[in-house]
Protein chains: 4
Amino acid sequence: MPYEVKSLNEECGVFGIWGHPEAAQLTYFGLHALQHRGQEGAGILSNNEGQLQRHRDLGLVTEVFRHEKDLQKLSGKAAMGHVRYATAGSAELNNIQPFHFKFQDTQLGLAHNGNLTNALSLRRELEAQGAIFSSSSDTEILAHLIRRSHHPEFMGKVKEALNTVKGGFAYLLMTEDSLIAALDPNGFRPLSIGKMSNGALVVASETCAFDVIGAEFVQEVKPGQIIQINDQGLHVEQFTDKTNTQICSMEYIYFARPDSVIAGVNVHTARKQSGRILAREAQIDADMVIGVPNSSLSAASGYAEESGLPYEMGLIKNQYVARTFIQPTQELREQGVRMKLSAVSSVVEGKKVIMVDDSIVRGTTSRRIVRLLKDAGAAEVHVVIASPPLAYPCFYGIDIQKREELIAANHSVDEICQIIGADSLTFLSQEGLVEAIGHDNLCLSYFDGIYPTPLYDYEENYLKSLGGKSV
Amino acid sequence: MPYEVKSLNEECGVFGIWGHPEAAQLTYFGLHALQHRGQEGAGILSNNEGQLQRHRDLGLVTEVFRHEKDLQKLSGKAAMGHVRYATAGSAELNNIQPFHFKFQDTQLGLAHNGNLTNALSLRRELEAQGAIFSSSSDTEILAHLIRRSHHPEFMGKVKEALNTVKGGFAYLLMTEDSLIAALDPNGFRPLSIGKMSNGALVVASETCAFDVIGAEFVQEVKPGQIIQINDQGLHVEQFTDKTNTQICSMEYIYFARPDSVIAGVNVHTARKQSGRILAREAQIDADMVIGVPNSSLSAASGYAEESGLPYEMGLIKNQYVARTFIQPTQELREQGVRMKLSAVSSVVEGKKVIMVDDSIVRGTTSRRIVRLLKDAGAAEVHVVIASPPLAYPCFYGIDIQKREELIAANHSVDEICQIIGADSLTFLSQEGLVEAIGHDNLCLSYFDGIYPTPLYDYEENYLKSLGGKSV
Amino acid sequence: MPYEVKSLNEECGVFGIWGHPEAAQLTYFGLHALQHRGQEGAGILSNNEGQLQRHRDLGLVTEVFRHEKDLQKLSGKAAMGHVRYATAGSAELNNIQPFHFKFQDTQLGLAHNGNLTNALSLRRELEAQGAIFSSSSDTEILAHLIRRSHHPEFMGKVKEALNTVKGGFAYLLMTEDSLIAALDPNGFRPLSIGKMSNGALVVASETCAFDVIGAEFVQEVKPGQIIQINDQGLHVEQFTDKTNTQICSMEYIYFARPDSVIAGVNVHTARKQSGRILAREAQIDADMVIGVPNSSLSAASGYAEESGLPYEMGLIKNQYVARTFIQPTQELREQGVRMKLSAVSSVVEGKKVIMVDDSIVRGTTSRRIVRLLKDAGAAEVHVVIASPPLAYPCFYGIDIQKREELIAANHSVDEICQIIGADSLTFLSQEGLVEAIGHDNLCLSYFDGIYPTPLYDYEENYLKSLGGKSV
Amino acid sequence: MPYEVKSLNEECGVFGIWGHPEAAQLTYFGLHALQHRGQEGAGILSNNEGQLQRHRDLGLVTEVFRHEKDLQKLSGKAAMGHVRYATAGSAELNNIQPFHFKFQDTQLGLAHNGNLTNALSLRRELEAQGAIFSSSSDTEILAHLIRRSHHPEFMGKVKEALNTVKGGFAYLLMTEDSLIAALDPNGFRPLSIGKMSNGALVVASETCAFDVIGAEFVQEVKPGQIIQINDQGLHVEQFTDKTNTQICSMEYIYFARPDSVIAGVNVHTARKQSGRILAREAQIDADMVIGVPNSSLSAASGYAEESGLPYEMGLIKNQYVARTFIQPTQELREQGVRMKLSAVSSVVEGKKVIMVDDSIVRGTTSRRIVRLLKDAGAAEVHVVIASPPLAYPCFYGIDIQKREELIAANHSVDEICQIIGADSLTFLSQEGLVEAIGHDNLCLSYFDGIYPTPLYDYEENYLKSLGGKSV
């Protein structure tokens, strides 16, 4: 069986709130701020005095909640929501979260950001015991573990379940009387706690969701922690002490919104700093610096300032790109028809251009953009990448292609430079990246193949082939 | 009758092509590049050997053409399209262009970007003669004038009609055998001609539409020109010699896409230059420069480079803002809930910030953004505007509010500064604007109230009250 | 040019009301009762103190008015509506009525049931004078004639226009202060006036629309009459005295709903009576009588009672047939897959069956049903038709196929019997039809080719070929 | 806790096919013929060489499968489908069948028509063991029982599960290599086997589904039988020998389509016969007989023929009644506005009318129709009901209201007659019903309260209050 990482991994965003009369509406705004973390589908589950209600669908948050009534039915002072990442082929309603489990004796809401490394074996084991799953998502496993736990108390059941699942996870659970959040022992995914002026407590994948609703940052959920929010306030404890903080470095590089703060570091600032360091490392003679919109603009402006070169708008991204639109035929593409990105010939014509991007995955996008710039008349295109070469996949929740598709896993920097048609290619060093971010509690396995945990179901048939190693 | 400028004015985009087997599809991509000029509705009309077909609807281009079949039915080697600006209340299908007139003896397609100053009297006159209009759009007037002309030849009828309508207009017409374009004698709106590698000729409101389809810029349509494109190629002539070039300066300041070129000047470059000049004019002591996304980023980077201050990302625009979404209640807004724009506190906290914006219309947006930045901890917010104070309305196609609503028509700069809550407020000088753009064939009536043409229907009951004057 | 009657003719329904606070909602219910007269599209136009508002769309009434708000925006105490017949290929929104004309000085609503015989020449003439039509519907012509009339008063203009158009028409017009209805000099189409308990006056194509809204029948609009309903009540006058009542006999035979009353005759009763007379004329030896659902059930029960044979349910029509559904492939059809109609083998097996239908147009449906019954085991199928052979097209508003497609125009009864595979075939005599309806103010031109009016645009190139003649 | 029968019961339809290249399309047509058994939602699951695919949604079959592609993706030579009855409040996608269970080792499709009497206890028991249900439907229980069975073979697991569930059920299961059907030991619901000309085997709730696809009836699934259809053909066995045939009499009276055959008896024939017997039992002096469309037309024509009275169309049902449409306000209803049913005054005015209906549940509909007829001028309205008084609820799959709502459970015939405003009221005798149907393997518990099985979960808190008794 060919190993297919892609369909297992996912990046997502979660948001929860307890103690506000407009809980569902605030969740809607919070999810909207987290929309960049997942565009396949979205859902909100509210808690009205113990009665859980849910609305979910495929699409963007503004599409799923198209009508006021979609939110109005989600009454109650607590709510939680989820945005799901688009992975090709798996777009079915059953997988859209939060999940809503109804039992004869109680109800449960569940949402998840991350990826389990022992999902396959847990699922196999549970099914052998008669469990029936309603989705192909790994998330559901936690609910089965909780329901099968023999611990006498609910929080005990949850902690038992959290110690059974392995990998990267940020969970939100809604019970009849509490909102619960938990983070895996490595803290791969960001998860923060905020507070509104009325005292309502909020949990979100990124702090940018606090800003849109006017909440203040309180603290981060720490690796191995489980927190419970209810009418008695916030209760924090560890479900395990065996922790080892390894924040996903790709959150800083690409995923998170520039206005978010992770482990005390503003993402824009880290990116701008990476651009500055890159400028020092690269030392390229050129006329101008341009960034690939939108994720690389911070790094590009840092590069420009450090190098003293002008920062120009040599690439324009169409703001109206919809998720689904009619694509140009292959023939039209060959005639130069392009939708998303345009190169500005009046800016780049005859110029030596430094093009800053955040990362290279398969190389096809970089090749396309270099080509765009050269067609627009750029004399030279020097590609500088604000992260080290991506050579290893992720098992903790980011949908990085299987290793065969990672260009840096199979080619040297010179080869990549030639493939993408650039006049030079420079990657940020791993040290530079760590320096730019400013702390080293980072998971850097994409770059060095050193995984901070055992890989369980992925171990045998995958890791050996990699040349990477787990601790 | 209270005078209401708003409902009469509109900004739009047009695109036409002759001589390509995928004419409608290329028009779709061209309109997509012009989407920023109008988001209310869109349409495409194709010409298949003299048979005209049309598809139009309310919504963005990608919404109107949701399915491949919407384009497939628009066969033929020629096509034209239109995007229409959203003006509150007038959103009805009847007004979405191109118009498609079917006669017993022939057919006609018609699209329009601009605003006529004698529309009201022409319409009254035509109706008195029995004419029935199918829309509330001024555009239809041209078709009635053409059909009522007694000139023996079609081009003669069109020229007669073009000399009857007054104001700002860029027209596209599709007959059974030609694509026709015409520009008003002042050339208020941009309109350019391009060519594809297969020889197909293209006309578009902005050159950015050429880039997406791989066409090369050939020349601009000049004021007072009518051009005819058909199987014999391009034929250019003047329908009037009484011309006086007055390109709308707001195209450079705000409307056009930064990658477009108008009268030989790249829009991004003009904006960046306006930021540079503004920096020289303003001389503000501060820690950083930030731009209001997206339209003011060019000017902000120019300001930063000229001033030597760092260019930072202190404001973030949510990329997923849909045209229609559920709005926060007033109560939630007061609690700080905001959707579109966030201030990045980790960037601006404790800092003296220069906030660059392109223009101030009513002042409410500026006040909101200054407030955002101060709430996020900015120590000082100095607002600098990359254009002079907007004190007079436009009658040639841009939807600028009625004079009562223009804050600069009723308040001094100091008053405005106080209203928006800024620590200082600086506008670019009119000379600075002209210097930044680099030529003076500009309509600057928004700033000085000097209109380059008589105002006809608007004259009597409006202009007097203004204090402005027409030539 | 091949002559194509189909695309010109249409059957429709109109409804108007003046003087009820829920005018639009009552129009909705009235149109719903008239839905059988047209399923392509529907619209309602309301009059709120002189302000006209309209909502229209393609689809059934319940589809066009899907949401309460669609009706709520149509405020006012007067309203009118229209349902439009589905004619292949012309399904475009522009043709859906009521039309809503907005002028600088006034507004006008217009709806039409019927077909003009001089539409082509009028349209040609009007266009030569500069008129522009916004639809391909003939209905619009009346509006152009009214607007071009030089009569000093509006009602005078309308009467002038009504005397210019020829053919079959029932018009409704809504002005700022009146609802106007008019019927052609032959009264081809039914049009009745009713009254609600609150005094509101109602006009509708069929009386069945009165029953659903609880209105009482007052009187019919007579041929050549124009009626005006406003706050002063009902005003009736003749726009012409040259009248000759010729009610479309197909209304009794097929189109009208069985519960409607036309010229004092209940449609079900006329149909049942036609079945009785047919039984006397046919004298067939058989085991049972079955009707083709739904339009032939009245005639079938009349036939059964007169003949003394049992009336059985040998054919079932699926009640859930949607206008659009996925059709079986040709291959599946050949394997016996059928959607709309089923024969009940346990009823007809081994039996001699009399199958009653209302008419035969092309013969294909009859052949299919005979085949169905034989496949279900019927020993003999005797087809009896409750109308004479249809041999001539209609020019007054019914979409009967061009003459080449009318089987009875090209084949003898014996030939038709053989083509449809029946064991015998009997048509009702023309005398029998007149006797069944009970009066002879009928247009019977479909059967005898004698047209009660000149045919104008249709005359030359069509009628000669027919062998029919106009008076 | 107030006992609420309604939300537990449901009437549905199932269809399955094995061995035809167009399996899903034939299922679509089959479900369309079964649409009267459930209008809330529909779904089809296909089997393509062991790969199961499903499409389901809320709405009618033609709405759920709106596009060709909805069917095209359901490839394979086997398929099964389900139509679900609309029960207020439970309309959610999760409950729409067929269910599709995906396991690590296999897949399973499941659909169900009926109601379990021990669902509550089974569900409670399964949840106590850790089971998680994904819907509120009882159907899912069977899947959990199968998966938890320790029988070594799949068919053994199914049989074990079938012997655990109690009540009324017709199940369809799709495994990777077989289509399985099973009927409860009483055979409450009809379930038949048919064959297509190519040898494909078909299973359906009613034989009318065979007619539309051109299949021939082979045999019925007998009570207590489980059948397996696969490439080896049809295999029939008993999962229990403790059977007692009790076909739901309401299938003959109301639910089934008139062209279906149940236990060798055509439904129309049984209904017509019930009308004949009713005529003999009732002996009413009147002018005409009318049926309430559509379900009572067979009985009405039987009554008319036996009594010698004319069968008239005194009530008309609007054919275009959509499932959802805008309802008249209470005020308009009081003014006589009605949508679905009209009385034909020209038919019934001044007449003594016998109105035949199939059954009376709450009496509100009957009262409304009597009122309609009297308002239309009927001199007398004699209501005759083609079934005995409905005094007891159903626990085997029909959604009959709770006992408090059954008018015949709380009132004498004379009282009911007075409540509905009729001049007389006659019910068919129970003997008459049995005679009309022609066999006595019938469940008649609605009429006499004698239930053929223990009632399990319903027993204690309900049955005692009833006065009915189980065997």
# chains A, B, ... in the order shown; residues from 1 in each chain; ligands from 1
>>> select_by_dssp(residues="region 13-226 of chain D", states="strand (DSSP E)", output="VMD selection string")
chain D and resid 13 to 18 41 to 48 51 to 58 78 to 84 99 to 102 107 to 116 167 to 174 179 to 183 192 to 195 201 to 204 216 to 220 225 to 226
>>> select_by_dssp(residues="region 192-301 of chain A", states="alpha helix (DSSP H)", output="number ranges by chain")
A: 208-213, 249-250, 267-282, 297-301
>>> write_last_selection(atoms="N, CA and C atoms", output="compact mmCIF listing (two decimals), in the first residue's frame")
# COMPACT_ATOMS: atom_id res chain seq x y z
N CYS A 208 -5.17 36.26 17.49
CA CYS A 208 -5.85 37.21 16.60
C CYS A 208 -7.36 37.12 16.80
N ALA A 209 -7.84 35.97 17.24
CA ALA A 209 -9.28 35.83 17.50
C ALA A 209 -9.71 36.64 18.72
N PHE A 210 -8.78 36.90 19.63
CA PHE A 210 -9.11 37.74 20.80
C PHE A 210 -9.30 39.19 20.36
N ASP A 211 -8.42 39.65 19.48
CA ASP A 211 -8.47 41.05 19.06
C ASP A 211 -9.80 41.39 18.40
N VAL A 212 -10.32 40.51 17.55
CA VAL A 212 -11.56 40.86 16.84
C VAL A 212 -12.75 40.93 17.78
N ILE A 213 -12.71 40.22 18.90
CA ILE A 213 -13.85 40.29 19.80
C ILE A 213 -13.56 41.17 21.02
N SER A 249 7.24 25.09 14.16
CA SER A 249 7.88 26.29 13.61
C SER A 249 7.14 26.83 12.40
N MET A 250 6.40 25.97 11.70
CA MET A 250 5.64 26.42 10.53
C MET A 250 4.54 27.40 10.91
N VAL A 267 4.00 37.18 15.42
CA VAL A 267 4.35 36.44 14.21
C VAL A 267 4.93 37.35 13.14
N HIS A 268 4.34 38.52 12.94
CA HIS A 268 4.88 39.47 11.96
C HIS A 268 6.32 39.84 12.30
N THR A 269 6.55 40.10 13.58
CA THR A 269 7.88 40.50 14.02
C THR A 269 8.90 39.39 13.76
N ALA A 270 8.49 38.14 14.05
CA ALA A 270 9.38 37.01 13.79
C ALA A 270 9.68 36.92 12.30
N ARG A 271 8.65 37.12 11.48
CA ARG A 271 8.86 37.01 10.04
C ARG A 271 9.73 38.15 9.52
N LYS A 272 9.47 39.34 10.01
CA LYS A 272 10.28 40.47 9.55
C LYS A 272 11.75 40.25 9.94
N GLN A 273 11.91 39.75 11.17
CA GLN A 273 13.25 39.46 11.66
C GLN A 273 13.92 38.39 10.79
N SER A 274 13.16 37.39 10.39
CA SER A 274 13.73 36.34 9.53
C SER A 274 14.19 36.95 8.21
N GLY A 275 13.43 37.95 7.72
CA GLY A 275 13.84 38.63 6.49
C GLY A 275 15.14 39.39 6.69
N ARG A 276 15.25 40.05 7.84
CA ARG A 276 16.49 40.78 8.15
C ARG A 276 17.70 39.84 8.18
N ILE A 277 17.54 38.74 8.89
CA ILE A 277 18.66 37.78 9.01
C ILE A 277 19.00 37.20 7.66
N LEU A 278 17.95 36.91 6.89
CA LEU A 278 18.15 36.38 5.54
C LEU A 278 18.96 37.36 4.69
N ALA A 279 18.65 38.65 4.85
CA ALA A 279 19.39 39.67 4.09
C ALA A 279 20.87 39.63 4.45
N ARG A 280 21.11 39.44 5.72
CA ARG A 280 22.52 39.37 6.14
C ARG A 280 23.18 38.09 5.61
N GLU A 281 22.43 37.00 5.63
CA GLU A 281 22.99 35.73 5.16
C GLU A 281 23.17 35.71 3.64
N ALA A 282 22.25 36.37 2.92
CA ALA A 282 22.23 36.22 1.46
C ALA A 282 23.18 37.17 0.73
N LEU A 297 5.09 39.07 2.91
CA LEU A 297 5.30 40.52 2.88
C LEU A 297 6.10 41.00 4.09
N SER A 298 5.88 40.37 5.27
CA SER A 298 6.65 40.77 6.45
C SER A 298 8.13 40.49 6.25
N ALA A 299 8.42 39.27 5.82
CA ALA A 299 9.83 38.92 5.61
C ALA A 299 10.46 39.81 4.55
N ALA A 300 9.70 40.11 3.50
CA ALA A 300 10.25 40.94 2.42
C ALA A 300 10.58 42.33 2.92
N SER A 301 9.70 42.91 3.76
CA SER A 301 9.99 44.27 4.22
C SER A 301 11.20 44.26 5.16
>>> interface_residues(of="chain D", to="chain C", cutoff="7 Å", atoms="only C-alpha atoms", output="compact mmCIF listing (two decimals) with N, CA, C and O atoms, in the first residue's frame")
# COMPACT_ATOMS: atom_id res chain seq x y z
N PHE D 29 -35.54 5.66 -9.83
CA PHE D 29 -36.90 5.55 -10.34
C PHE D 29 -37.78 4.76 -9.37
O PHE D 29 -38.94 5.09 -9.16
N ALA D 33 -41.21 6.06 -7.28
CA ALA D 33 -42.53 5.40 -7.21
C ALA D 33 -42.95 5.19 -5.76
O ALA D 33 -44.14 5.01 -5.47
N THR D 62 -36.59 13.80 -6.28
CA THR D 62 -36.17 14.65 -7.41
C THR D 62 -35.38 15.86 -6.94
O THR D 62 -34.66 16.47 -7.73
N ARG D 66 -30.79 16.08 -7.93
CA ARG D 66 -31.17 17.16 -8.82
C ARG D 66 -30.35 17.11 -10.11
O ARG D 66 -30.81 17.49 -11.16
N GLU D 68 -27.56 15.08 -12.78
CA GLU D 68 -27.12 13.78 -13.28
C GLU D 68 -25.92 13.27 -12.48
O GLU D 68 -25.81 12.10 -12.16
N ASP D 211 -43.27 -1.89 -11.36
CA ASP D 211 -43.89 -1.46 -12.61
C ASP D 211 -43.11 -0.34 -13.29
O ASP D 211 -42.92 -0.35 -14.51
N VAL D 212 -42.64 0.63 -12.50
CA VAL D 212 -41.96 1.77 -13.15
C VAL D 212 -40.63 1.37 -13.76
O VAL D 212 -40.15 2.04 -14.68
N ILE D 213 -40.02 0.29 -13.26
CA ILE D 213 -38.73 -0.10 -13.85
C ILE D 213 -38.87 -1.32 -14.76
O ILE D 213 -37.88 -1.88 -15.22
N GLY D 214 -40.11 -1.74 -14.98
CA GLY D 214 -40.30 -2.85 -15.89
C GLY D 214 -39.91 -4.19 -15.31
O GLY D 214 -39.56 -5.12 -16.04
N ASP D 259 -51.93 1.17 -7.12
CA ASP D 259 -51.51 0.17 -8.09
C ASP D 259 -50.63 -0.92 -7.48
O ASP D 259 -50.22 -1.84 -8.20
N ASN D 266 -54.77 -6.32 -4.92
CA ASN D 266 -54.51 -4.98 -5.45
C ASN D 266 -55.16 -3.94 -4.53
O ASN D 266 -56.32 -4.09 -4.12
N ILE D 316 -61.59 19.49 -5.44
CA ILE D 316 -60.43 19.53 -6.34
C ILE D 316 -59.19 19.77 -5.49
O ILE D 316 -59.17 20.67 -4.66
N ASN D 318 -55.35 20.93 -5.56
CA ASN D 318 -54.37 21.62 -6.38
C ASN D 318 -53.16 20.70 -6.60
O ASN D 318 -52.55 20.24 -5.65
N ALA D 322 -46.83 22.44 -3.05
CA ALA D 322 -45.45 22.10 -2.73
C ALA D 322 -45.37 21.75 -1.25
O ALA D 322 -46.28 22.08 -0.47
N PHE D 325 -44.68 26.01 1.33
CA PHE D 325 -45.15 27.21 0.64
C PHE D 325 -45.61 28.19 1.71
O PHE D 325 -45.76 27.85 2.88
N ILE D 326 -45.80 29.41 1.27
CA ILE D 326 -46.20 30.45 2.19
C ILE D 326 -47.65 30.22 2.58
O ILE D 326 -48.53 30.09 1.73
N GLN D 335 -61.07 34.45 6.35
CA GLN D 335 -61.81 35.03 5.23
C GLN D 335 -62.03 34.01 4.12
O GLN D 335 -62.56 34.34 3.06
N GLY D 336 -61.60 32.77 4.36
CA GLY D 336 -61.92 31.73 3.40
C GLY D 336 -60.79 31.35 2.47
O GLY D 336 -60.98 30.60 1.52
N VAL D 337 -59.58 31.85 2.74
CA VAL D 337 -58.46 31.50 1.86
C VAL D 337 -58.01 30.07 2.14
O VAL D 337 -57.74 29.71 3.28
N ARG D 338 -57.95 29.27 1.11
CA ARG D 338 -57.48 27.89 1.26
C ARG D 338 -56.65 27.50 0.05
O ARG D 338 -56.91 27.96 -1.05
N MET D 339 -55.65 26.65 0.32
CA MET D 339 -54.69 26.38 -0.73
C MET D 339 -54.88 25.03 -1.41
O MET D 339 -54.80 24.90 -2.62
N SER D 342 -60.26 22.60 -3.00
CA SER D 342 -61.39 23.49 -3.27
C SER D 342 -62.64 22.64 -3.45
O SER D 342 -62.58 21.54 -4.02
N VAL D 344 -66.26 22.41 -5.37
CA VAL D 344 -66.76 22.92 -6.65
C VAL D 344 -68.24 23.26 -6.48
O VAL D 344 -69.11 22.39 -6.52
N SER D 346 -70.40 24.74 -8.33
CA SER D 346 -71.33 24.46 -9.42
C SER D 346 -71.71 22.98 -9.47
O SER D 346 -72.68 22.61 -10.12
>>> atom_distance(atom1="CA of Leu93 (chain D)", atom2="CA of Arg56 (chain A)")
11.3 Å
